[in-house]
Amino acid sequence: MNKPKVVVQPPDDRGLREVTMGGKTVGSAWSLRGLRKVLRRLGHPEDVDVEDKSFIVWLGGDSGTWPAPVGRRRATIALMMAGLLGSMVLLIIVGMPDAIGALTFAGRVTGFLFAFAGAVQGVAALAVLDYWGRRKLRLSGALILLGAFIALVTNGLLLFMWLEEREYTPYVLTYLPLTGWSLWALQLLLRERAWEGIPYPKQFAAGVTATTLLATFNLAYSALYQPTSAPVMFDLEVKFGTPQADTKRPVILLPVTFRARNSGKVPAYITSDGYGIYGSSTKHASDGSGLLEWRKLVDAKTDESRVGRYEKHPTRETISAARFYGPGNWLEPGEQYVKERVVQLPRSATYDVIEADLTLTIMRKDRGRIDDEFSVPHYSWRPEDKQFYCPPYECDEHIINRARVLHNNNMINVTRRPRYVVSYYGWTGSSAEIRSYVLSHKPREALQLKRDAAEEDERERERYGVALTRATAAVPFAQVLKTSTI
């Protein structure tokens with residue numbers, strides 16, 4: 001019994017020629033070499049005469065008709081897979097930190113959506129081999145079209161965020177070319193009508209639109225609405241206790257209690273903190289001319305609120321000062337920290353008032369995460385701390401804490417230069433100096449209060465939710481002397 005003839009069909013729009021036998025497809029070929037492989041599988045010898053019309057029929061061209069542009073097809077496959085795989089890796093890098101570690105549910109959903117979108121692009125990259133190959137899967141073109149659309153939306157969003165400040169980051173070398181690649185891929189897929197073969201094209205388009213809107217909503221909610229709808233609330237208290245007279249020395253022991261409580265619903269880092277206890281005194285202005293010193297005190301950058309009609313030449317001495325809780329610590333909602341101090345005051349002191357204050361700079365923990373190294377102090381006067389050293393003739397002496405801060409929305413981290421929290425604690429004459437910055441500058445630049453560092457800090461304080469809070473208390477020294485007990 002003779003075998004049915006082998007029929008080589010005309011080339012399709014890609015140049016692929018289907019091979020049939022007895023009305024059934026037995027293979028396909030891009031070239032004569034590929035046809036011979038099909039024939040060998042059918043049991044024909046390797047050197048069979050393909051021109052023999054007794055067993056092979058050519059339709060739509062003879063054995064020399066192979067229009068498939070093999071080089072261009074392979075280049076398209078390579079370029080398409082490279083773009084999809086590159087975008088996949090980028091989206092997983094962007095999404096996984098938020099999916100695993102974001103402090104808010106919306107932030108984790110956004111991170112998961114980015115990571116899931118990356119996984120979809122990985123599947124689309126595999127579909128490239130089928131779509132520009134033998135197209136055995138009906139949905140391969142739709143998958144690639146979806147992957148290219150995801151790449152355009154996500155990489156375009158990252159590029160848009162980068163354009164806001166145009167700071168160099170290594171990631172810009174990925175989403176900038178990937179945005180251009182996605183435009184090329186989409187126009188190619190649309191030209192080839194890659195959506196054909198989708199069983200329910202309208203439902204497919206609706207699903208893609210819904211997913212895009214969900215991701216946009218979660219991004220806006222986690223990055224914009226939620227941080228502003230739940231403000232940070234801190235209660236600070238400074239309270240003097242009952243003074244005690246020392247039985248052996250002419251001093252008075254005055255207890256002071258400092259308390260900080262997170263009364264809001266958002267955990268918050270302490271980026272800089274400190275307390276101070278001061279003795280203040282003024283001279284009596286019997287002629288009521290004390291108010292005339294207001295302008296002089298303003299020019300001297302001192303506390304002009306201490307001006308009074310019958311007070312002049314105010315002075316202030318630091319009795320005790322130190323850090324309160326320490327940079328890098330944080331308070332959860334409802335949590336508080338209390339520190340009690342007992343200071344010595346000589347009975348012969350000429351103070352009019354004993355003052356105490358507590359100052360904290362806080363940063364929203366739901367917007368950023370500070371590395372653990374922030375708790376390690378550095379000293380500006382020590383040359384061995386090269387990065388933090390500043391000669392005393394250029395800068396005041398400070399204790400410095402510095403660490404990387406990562407925004408809880410990882411898209412901000414990959415579209416900006418690295419940011420650092422820098423905290424300074426030191427003494428400037430009559431009071432402690434407590435301040436912190438969020439910036440990309442070196443600690444010494446901020447220590448010297450360069451203008452660009454201060455301007456950058458102002459922008460970043462809003463982004464990371466940094467705020468200053470303070471509490472003060474005062475008691476007449478005469479009252480301390482009167483109520484001290486033995």
# chains A, B, ... in the order shown; residues from 1 in each chain; ligands from 1

call {"tool": "closest_atom_pairs", "arguments": {"of": "segment 308-369 of chain A", "to": "segment 466-476 of chain A", "cutoff": "7 Å", "atoms": "only C-alpha atoms", "output": "CSV"}}
result
residue,atom,partner,partner_atom,distance
A:Asp352,CA,A:Pro476,CA,6.0
A:Val353,CA,A:Pro476,CA,4.4
A:Ile354,CA,A:Val475,CA,5.4
A:Glu355,CA,A:Ala474,CA,4.3
A:Ala356,CA,A:Ala473,CA,5.3
A:Asp357,CA,A:Thr472,CA,4.1
A:Leu358,CA,A:Ala471,CA,5.3
A:Thr359,CA,A:Arg470,CA,4.5
A:Leu360,CA,A:Thr469,CA,5.4
A:Thr361,CA,A:Leu468,CA,4.5
A:Ile362,CA,A:Ala467,CA,5.5
A:Met363,CA,A:Val466,CA,4.3
A:Arg364,CA,A:Val466,CA,6.6

call {"tool": "write_last_selection", "arguments": {"atoms": "N, CA, C and O atoms", "output": "compact mmCIF listing (two decimals), in the first residue's frame"}}
result
# COMPACT_ATOMS: atom_id res chain seq x y z
N ASP A 352 16.47 83.54 88.69
CA ASP A 352 15.09 83.95 88.88
C ASP A 352 14.13 82.79 88.59
O ASP A 352 13.12 82.62 89.28
N VAL A 353 14.46 82.04 87.54
CA VAL A 353 13.57 80.97 87.08
C VAL A 353 14.41 79.74 86.72
O VAL A 353 15.51 79.87 86.18
N ILE A 354 13.87 78.56 87.03
CA ILE A 354 14.44 77.31 86.55
C ILE A 354 13.55 76.81 85.41
O ILE A 354 12.34 76.65 85.58
N GLU A 355 14.14 76.61 84.26
CA GLU A 355 13.39 76.18 83.08
C GLU A 355 13.87 74.80 82.64
O GLU A 355 15.02 74.42 82.88
N ALA A 356 12.97 74.08 82.01
CA ALA A 356 13.30 72.77 81.44
C ALA A 356 12.53 72.61 80.13
O ALA A 356 11.39 73.07 80.01
N ASP A 357 13.17 71.98 79.15
CA ASP A 357 12.47 71.72 77.89
C ASP A 357 12.84 70.35 77.36
O ASP A 357 13.87 69.78 77.70
N LEU A 358 11.96 69.81 76.55
CA LEU A 358 12.14 68.53 75.88
C LEU A 358 11.84 68.73 74.41
O LEU A 358 10.77 69.23 74.05
N THR A 359 12.79 68.36 73.54
CA THR A 359 12.65 68.57 72.11
C THR A 359 12.83 67.24 71.38
O THR A 359 13.79 66.52 71.64
N LEU A 360 11.89 66.92 70.49
CA LEU A 360 11.95 65.70 69.69
C LEU A 360 11.68 66.04 68.23
O LEU A 360 10.78 66.84 67.94
N THR A 361 12.48 65.47 67.34
CA THR A 361 12.15 65.47 65.91
C THR A 361 11.72 64.05 65.58
O THR A 361 12.46 63.09 65.83
N ILE A 362 10.53 63.91 65.02
CA ILE A 362 9.97 62.59 64.75
C ILE A 362 9.74 62.42 63.26
O ILE A 362 9.58 63.38 62.52
N MET A 363 9.76 61.16 62.82
CA MET A 363 9.52 60.83 61.41
C MET A 363 8.54 59.68 61.33
O MET A 363 8.67 58.68 62.06
N ARG A 364 7.55 59.81 60.47
CA ARG A 364 6.55 58.77 60.32
C ARG A 364 7.19 57.43 59.93
O ARG A 364 7.92 57.35 58.96

call {"tool": "closest_residue", "arguments": {"among": "A:Arg416, A:Ser54, A:Gly122, A:Met21", "to": "Ile92 of chain A", "atoms": "only C-alpha atoms"}}
result
A:Gly122

call {"tool": "residues_around", "arguments": {"residues": "Val120 of chain A", "least_positions_apart": "3", "cutoff": "8 Å", "atoms": "only C-alpha atoms", "output": "list in words"}}
result
Met88, Phe116, Ala117, Val123, Ala124 and Gly147 of chain A

call {"tool": "write_last_selection", "arguments": {"atoms": "N, CA, C and O atoms", "output": "CSV table (one decimal), in the first residue's frame"}}
result
chain,number,residue,atom,x,y,z
A,88,MET,N,10.5,42.3,33.8
A,88,MET,CA,10.1,41.4,34.9
A,88,MET,C,11.0,41.6,36.1
A,88,MET,O,10.5,41.7,37.2
A,116,PHE,N,3.4,40.6,40.9
A,116,PHE,CA,2.6,39.8,40.1
A,116,PHE,C,2.7,40.2,38.6
A,116,PHE,O,2.8,39.3,37.7
A,117,ALA,N,2.7,41.5,38.3
A,117,ALA,CA,2.9,42.0,37.0
A,117,ALA,C,4.2,41.5,36.4
A,117,ALA,O,4.3,41.2,35.2
A,123,VAL,N,5.9,35.0,32.0
A,123,VAL,CA,5.1,34.1,31.2
A,123,VAL,C,5.1,34.6,29.8
A,123,VAL,O,5.2,33.8,28.8
A,124,ALA,N,4.9,35.9,29.6
A,124,ALA,CA,4.8,36.5,28.3
A,124,ALA,C,6.1,36.3,27.5
A,124,ALA,O,6.1,36.1,26.3
A,147,GLY,N,1.9,41.7,28.3
A,147,GLY,CA,3.3,42.0,28.9
A,147,GLY,C,3.8,43.3,28.4
A,147,GLY,O,4.4,44.1,29.2

call {"tool": "select_by_dssp", "arguments": {"residues": "segment 58-293 of chain A", "states": "helix (DSSP H, G or I)", "output": "number ranges by chain"}}
result
A: 70-101, 105-131, 140-165, 172-191, 201-229, 290-293

call {"tool": "residues_around", "arguments": {"residues": "segment 417-420 of chain A", "least_positions_apart": "4", "cutoff": "9 Å", "atoms": "only C-alpha atoms", "output": "ChimeraX atom specification"}}
result
/A:167-169,370,402-407,413,437-442,460

call {"tool": "write_last_selection", "arguments": {"atoms": "all heavy atoms", "output": "compact mmCIF listing (two decimals), in the first residue's frame"}}
result
# COMPACT_ATOMS: atom_id res chain seq x y z
N GLU A 167 17.13 63.09 39.26
CA GLU A 167 18.36 62.72 39.97
C GLU A 167 18.89 61.41 39.40
O GLU A 167 18.11 60.50 39.11
CB GLU A 167 18.08 62.56 41.47
CG GLU A 167 17.59 63.82 42.15
CD GLU A 167 17.27 63.59 43.60
OE1 GLU A 167 17.24 62.42 44.03
OE2 GLU A 167 17.05 64.57 44.32
N TYR A 168 20.21 61.32 39.30
CA TYR A 168 20.77 60.09 38.75
C TYR A 168 20.62 58.94 39.75
O TYR A 168 20.92 59.07 40.93
CB TYR A 168 22.25 60.25 38.41
CG TYR A 168 22.85 58.93 37.99
CD1 TYR A 168 22.59 58.39 36.73
CD2 TYR A 168 23.63 58.19 38.88
CE1 TYR A 168 23.10 57.17 36.35
CE2 TYR A 168 24.15 56.95 38.50
CZ TYR A 168 23.89 56.45 37.24
OH TYR A 168 24.39 55.24 36.88
N THR A 169 20.13 57.84 39.24
CA THR A 169 20.09 56.58 39.97
C THR A 169 20.35 55.47 38.97
O THR A 169 19.92 55.58 37.81
CB THR A 169 18.73 56.38 40.67
OG1 THR A 169 18.64 55.04 41.15
CG2 THR A 169 17.58 56.67 39.74
N ILE A 370 14.44 53.40 58.68
CA ILE A 370 15.81 53.84 58.92
C ILE A 370 16.67 52.63 59.27
O ILE A 370 16.28 51.80 60.10
CB ILE A 370 15.85 54.88 60.06
CG1 ILE A 370 14.96 56.08 59.72
CG2 ILE A 370 17.29 55.34 60.31
CD1 ILE A 370 14.88 57.10 60.84
N ARG A 402 23.95 58.97 61.57
CA ARG A 402 23.58 59.01 60.15
C ARG A 402 23.30 57.61 59.66
O ARG A 402 23.99 56.65 60.01
CB ARG A 402 24.71 59.62 59.33
CG ARG A 402 24.43 59.70 57.81
CD ARG A 402 25.61 60.33 57.12
NE ARG A 402 25.38 60.55 55.70
CZ ARG A 402 25.85 59.77 54.73
NH1 ARG A 402 26.56 58.70 55.03
NH2 ARG A 402 25.62 60.07 53.46
N ALA A 403 22.24 57.46 58.84
CA ALA A 403 21.91 56.17 58.26
C ALA A 403 21.02 56.37 57.05
O ALA A 403 20.36 57.41 56.89
CB ALA A 403 21.22 55.27 59.29
N ARG A 404 20.97 55.35 56.20
CA ARG A 404 20.11 55.38 55.02
C ARG A 404 18.65 55.28 55.44
O ARG A 404 18.30 54.54 56.36
CB ARG A 404 20.48 54.20 54.11
CG ARG A 404 19.54 54.01 52.90
CD ARG A 404 19.91 54.93 51.78
NE ARG A 404 18.95 54.84 50.68
CZ ARG A 404 19.04 53.97 49.67
NH1 ARG A 404 20.04 53.10 49.62
NH2 ARG A 404 18.14 53.97 48.71
N VAL A 405 17.80 56.04 54.78
CA VAL A 405 16.35 55.94 55.00
C VAL A 405 15.72 55.49 53.69
O VAL A 405 16.00 56.04 52.63
CB VAL A 405 15.75 57.27 55.50
CG1 VAL A 405 16.03 58.41 54.54
CG2 VAL A 405 14.25 57.12 55.72
N LEU A 406 14.89 54.46 53.77
CA LEU A 406 14.20 53.92 52.61
C LEU A 406 12.72 54.25 52.72
O LEU A 406 12.10 53.97 53.75
CB LEU A 406 14.39 52.41 52.53
CG LEU A 406 15.82 51.93 52.27
CD1 LEU A 406 15.90 50.42 52.41
CD2 LEU A 406 16.29 52.35 50.89
N HIS A 407 12.16 54.82 51.67
CA HIS A 407 10.74 55.14 51.66
C HIS A 407 9.94 53.85 51.59
O HIS A 407 10.36 52.88 50.95
CB HIS A 407 10.40 56.04 50.47
CG HIS A 407 9.13 56.80 50.63
ND1 HIS A 407 7.90 56.22 50.49
CD2 HIS A 407 8.89 58.11 50.94
CE1 HIS A 407 6.96 57.12 50.69
NE2 HIS A 407 7.53 58.28 50.96
N ASN A 413 12.20 54.99 46.06
CA ASN A 413 13.60 54.63 46.27
C ASN A 413 14.35 54.41 44.95
O ASN A 413 15.53 54.72 44.84
CB ASN A 413 13.70 53.35 47.11
CG ASN A 413 13.15 53.54 48.51
OD1 ASN A 413 13.30 54.60 49.10
ND2 ASN A 413 12.49 52.53 49.03
N TYR A 437 18.35 66.22 59.75
CA TYR A 437 18.05 66.48 58.35
C TYR A 437 17.73 65.15 57.66
O TYR A 437 18.17 64.08 58.09
CB TYR A 437 19.24 67.11 57.63
CG TYR A 437 19.61 68.49 58.12
CD1 TYR A 437 20.61 68.66 59.09
CD2 TYR A 437 18.98 69.61 57.63
CE1 TYR A 437 20.96 69.92 59.54
CE2 TYR A 437 19.31 70.87 58.07
CZ TYR A 437 20.30 71.03 59.03
OH TYR A 437 20.64 72.28 59.47
N VAL A 438 16.99 65.23 56.57
CA VAL A 438 16.81 64.11 55.66
C VAL A 438 17.28 64.60 54.30
O VAL A 438 16.66 65.47 53.69
CB VAL A 438 15.34 63.66 55.57
CG1 VAL A 438 15.22 62.46 54.63
CG2 VAL A 438 14.80 63.31 56.94
N LEU A 439 18.43 64.05 53.84
CA LEU A 439 19.02 64.58 52.61
C LEU A 439 20.02 63.60 52.05
O LEU A 439 20.30 62.55 52.62
CB LEU A 439 19.70 65.94 52.89
CG LEU A 439 20.41 66.15 54.24
CD1 LEU A 439 21.69 65.36 54.30
CD2 LEU A 439 20.67 67.61 54.46
N SER A 440 20.54 63.94 50.87
CA SER A 440 21.55 63.10 50.23
C SER A 440 22.94 63.70 50.35
O SER A 440 23.89 63.17 49.80
CB SER A 440 21.20 62.92 48.74
OG SER A 440 21.14 64.18 48.09
N HIS A 441 23.07 64.82 51.06
CA HIS A 441 24.36 65.49 51.21
C HIS A 441 25.23 64.78 52.26
O HIS A 441 24.74 63.99 53.06
CB HIS A 441 24.17 66.95 51.62
CG HIS A 441 23.66 67.81 50.51
ND1 HIS A 441 22.36 67.72 50.06
CD2 HIS A 441 24.25 68.76 49.77
CE1 HIS A 441 22.18 68.59 49.09
NE2 HIS A 441 23.31 69.23 48.89
N LYS A 442 26.48 65.13 52.24
CA LYS A 442 27.40 64.60 53.23
C LYS A 442 27.15 65.28 54.57
O LYS A 442 26.72 66.42 54.63
CB LYS A 442 28.84 64.84 52.79
CG LYS A 442 29.22 64.10 51.50
CD LYS A 442 30.65 64.41 51.10
CE LYS A 442 31.00 63.68 49.81
NZ LYS A 442 32.38 64.00 49.37
N GLU A 460 12.43 67.08 51.74
CA GLU A 460 12.36 65.70 52.20
C GLU A 460 11.58 65.56 53.50
O GLU A 460 11.00 64.51 53.76
CB GLU A 460 13.78 65.14 52.39
CG GLU A 460 14.61 65.12 51.12
CD GLU A 460 13.92 64.33 50.01
OE1 GLU A 460 13.32 63.28 50.30
OE2 GLU A 460 13.99 64.77 48.85

call {"tool": "residues_around", "arguments": {"residues": "Arg166 of chain A", "least_positions_apart": "4", "cutoff": "9 Å", "atoms": "only C-alpha atoms", "output": "ChimeraX atom specification"}}
result
/A:161-162,415-416

call {"tool": "write_last_selection", "arguments": {"atoms": "C-alpha atoms", "output": "PDB file, in the first residue's frame"}}
result
ATOM      1  CA  MET A 161       8.389  59.955  38.810  1.00  0.00           C
ATOM      2  CA  TRP A 162      12.076  60.246  37.921  1.00  0.00           C
ATOM      3  CA  THR A 415      13.596  57.018  41.189  1.00  0.00           C
ATOM      4  CA  ARG A 416      15.659  59.096  43.642  1.00  0.00           C
TER       5      ARG A 416
END

call {"tool": "residues_around", "arguments": {"residues": "Lys136 of chain A", "least_positions_apart": "6", "cutoff": "12 Å", "atoms": "only C-alpha atoms", "output": "list in words"}}
result
Gly27, Ser28, Ala127, Val128, Leu129, Asp130 and Gly197 of chain A

call {"tool": "write_last_selection", "arguments": {"atoms": "all heavy atoms", "output": "mmCIF file, in the first residue's frame"}}
result
data_model
loop_
_atom_site.group_PDB
_atom_site.id
_atom_site.type_symbol
_atom_site.label_atom_id
_atom_site.label_comp_id
_atom_site.auth_asym_id
_atom_site.auth_seq_id
_atom_site.Cartn_x
_atom_site.Cartn_y
_atom_site.Cartn_z
ATOM 1 N N GLY A 27 3.825 18.537 10.402
ATOM 2 C CA GLY A 27 4.947 19.386 10.764
ATOM 3 C C GLY A 27 4.900 20.696 10.019
ATOM 4 O O GLY A 27 3.936 21.006 9.306
ATOM 5 N N SER A 28 5.930 21.457 10.184
ATOM 6 C CA SER A 28 6.060 22.730 9.482
ATOM 7 C C SER A 28 7.536 23.041 9.355
ATOM 8 O O SER A 28 8.371 22.496 10.097
ATOM 9 C CB SER A 28 5.322 23.847 10.224
ATOM 10 O OG SER A 28 5.797 23.947 11.558
ATOM 11 N N ALA A 127 6.014 33.006 26.039
ATOM 12 C CA ALA A 127 5.060 32.965 24.925
ATOM 13 C C ALA A 127 5.658 33.510 23.642
ATOM 14 O O ALA A 127 5.166 33.205 22.542
ATOM 15 C CB ALA A 127 3.806 33.752 25.298
ATOM 16 N N VAL A 128 6.712 34.307 23.741
ATOM 17 C CA VAL A 128 7.367 34.849 22.544
ATOM 18 C C VAL A 128 7.865 33.718 21.649
ATOM 19 O O VAL A 128 7.761 33.780 20.416
ATOM 20 C CB VAL A 128 8.529 35.781 22.953
ATOM 21 C CG1 VAL A 128 9.394 36.129 21.751
ATOM 22 C CG2 VAL A 128 7.984 37.050 23.598
ATOM 23 N N LEU A 129 8.408 32.663 22.260
ATOM 24 C CA LEU A 129 8.950 31.544 21.482
ATOM 25 C C LEU A 129 7.850 30.861 20.665
ATOM 26 O O LEU A 129 8.094 30.411 19.545
ATOM 27 C CB LEU A 129 9.607 30.533 22.429
ATOM 28 C CG LEU A 129 10.812 31.053 23.219
ATOM 29 C CD1 LEU A 129 11.280 30.004 24.215
ATOM 30 C CD2 LEU A 129 11.945 31.439 22.281
ATOM 31 N N ASP A 130 6.640 30.807 21.240
ATOM 32 C CA ASP A 130 5.546 30.181 20.504
ATOM 33 C C ASP A 130 4.984 31.115 19.438
ATOM 34 O O ASP A 130 4.726 30.683 18.312
ATOM 35 C CB ASP A 130 4.438 29.786 21.481
ATOM 36 C CG ASP A 130 3.240 29.170 20.766
ATOM 37 O OD1 ASP A 130 3.331 27.996 20.369
ATOM 38 O OD2 ASP A 130 2.222 29.887 20.601
ATOM 39 N N GLY A 197 -7.292 35.706 18.178
ATOM 40 C CA GLY A 197 -7.162 34.404 18.823
ATOM 41 C C GLY A 197 -7.614 34.429 20.259
ATOM 42 O O GLY A 197 -7.749 33.367 20.885
#

call {"tool": "select_by_dssp", "arguments": {"residues": "segment 308-428 of chain A", "states": "strand (DSSP E)", "output": "number ranges by chain"}}
result
A: 311-322, 330-331, 336-346, 353-364, 368-370, 378-379, 398-407, 419-428

call {"tool": "write_last_selection", "arguments": {"atoms": "C-alpha atoms", "output": "mmCIF file, in the first residue's frame"}}
result
data_model
loop_
_atom_site.group_PDB
_atom_site.id
_atom_site.type_symbol
_atom_site.label_atom_id
_atom_site.label_comp_id
_atom_site.auth_asym_id
_atom_site.auth_seq_id
_atom_site.Cartn_x
_atom_site.Cartn_y
_atom_site.Cartn_z
ATOM 1 C CA GLU A 311 13.443 93.021 83.030
ATOM 2 C CA LYS A 312 16.645 93.615 81.134
ATOM 3 C CA HIS A 313 19.898 91.869 80.304
ATOM 4 C CA PRO A 314 18.470 88.306 80.480
ATOM 5 C CA THR A 315 20.992 85.520 80.941
ATOM 6 C CA ARG A 316 20.611 81.793 80.774
ATOM 7 C CA GLU A 317 22.914 79.034 82.016
ATOM 8 C CA THR A 318 22.751 75.362 81.177
ATOM 9 C CA ILE A 319 22.421 73.280 84.336
ATOM 10 C CA SER A 320 21.974 69.880 82.683
ATOM 11 C CA ALA A 321 21.450 68.654 79.118
ATOM 12 C CA ALA A 322 21.483 65.262 77.401
ATOM 13 C CA TRP A 330 10.628 54.649 67.875
ATOM 14 C CA LEU A 331 7.323 54.679 69.708
ATOM 15 C CA GLN A 336 5.463 56.162 75.973
ATOM 16 C CA TYR A 337 8.978 56.758 77.263
ATOM 17 C CA VAL A 338 9.772 58.481 80.559
ATOM 18 C CA LYS A 339 13.085 59.783 81.876
ATOM 19 C CA GLU A 340 13.610 61.198 85.355
ATOM 20 C CA ARG A 341 16.504 63.415 86.363
ATOM 21 C CA VAL A 342 17.552 64.998 89.636
ATOM 22 C CA VAL A 343 19.668 68.145 89.285
ATOM 23 C CA GLN A 344 21.683 69.970 91.914
ATOM 24 C CA LEU A 345 21.062 73.677 92.461
ATOM 25 C CA PRO A 346 23.246 75.714 94.831
ATOM 26 C CA VAL A 353 13.573 80.969 87.084
ATOM 27 C CA ILE A 354 14.444 77.306 86.554
ATOM 28 C CA GLU A 355 13.395 76.183 83.081
ATOM 29 C CA ALA A 356 13.301 72.775 81.440
ATOM 30 C CA ASP A 357 12.471 71.721 77.894
ATOM 31 C CA LEU A 358 12.144 68.530 75.882
ATOM 32 C CA THR A 359 12.648 68.566 72.106
ATOM 33 C CA LEU A 360 11.946 65.705 69.689
ATOM 34 C CA THR A 361 12.152 65.467 65.912
ATOM 35 C CA ILE A 362 9.970 62.593 64.754
ATOM 36 C CA MET A 363 9.521 60.833 61.408
ATOM 37 C CA ARG A 364 6.545 58.767 60.316
ATOM 38 C CA GLY A 368 10.178 55.270 55.729
ATOM 39 C CA ARG A 369 12.511 52.767 57.357
ATOM 40 C CA ILE A 370 15.809 53.842 58.924
ATOM 41 C CA HIS A 378 30.041 59.692 65.447
ATOM 42 C CA TYR A 379 32.000 62.678 66.721
ATOM 43 C CA HIS A 398 28.575 67.721 67.525
ATOM 44 C CA ILE A 399 27.612 64.110 68.062
ATOM 45 C CA ILE A 400 26.346 62.861 64.708
ATOM 46 C CA ASN A 401 24.126 59.911 63.804
ATOM 47 C CA ARG A 402 23.582 59.015 60.153
ATOM 48 C CA ALA A 403 21.909 56.166 58.262
ATOM 49 C CA ARG A 404 20.111 55.375 55.018
ATOM 50 C CA VAL A 405 16.355 55.936 54.996
ATOM 51 C CA LEU A 406 14.198 53.922 52.608
ATOM 52 C CA HIS A 407 10.740 55.142 51.662
ATOM 53 C CA ARG A 419 18.465 59.635 51.227
ATOM 54 C CA TYR A 420 20.003 59.714 54.679
ATOM 55 C CA VAL A 421 18.789 60.822 58.073
ATOM 56 C CA VAL A 422 21.454 62.912 59.791
ATOM 57 C CA SER A 423 21.061 63.910 63.440
ATOM 58 C CA TYR A 424 23.193 66.464 65.304
ATOM 59 C CA TYR A 425 23.509 67.022 69.013
ATOM 60 C CA GLY A 426 25.851 69.580 70.548
ATOM 61 C CA TRP A 427 26.217 72.644 72.729
ATOM 62 C CA THR A 428 26.280 76.238 71.605
#

call {"tool": "closest_residue", "arguments": {"among": "A:Val26, A:Val251, A:Gly101, A:Phe258", "to": "Val238 of chain A", "atoms": "only C-alpha atoms"}}
result
A:Phe258

call {"tool": "atom_distance", "arguments": {"atom1": "atom CA of Lys239 of chain A", "atom2": "atom CA of Ser375 of chain A"}}
result
27.5 Å

call {"tool": "closest_residue", "arguments": {"among": "A:Gly111, A:Arg41, A:Ile100, A:Arg135", "to": "Leu16 of chain A", "atoms": "only C-alpha atoms"}}
result
A:Arg135
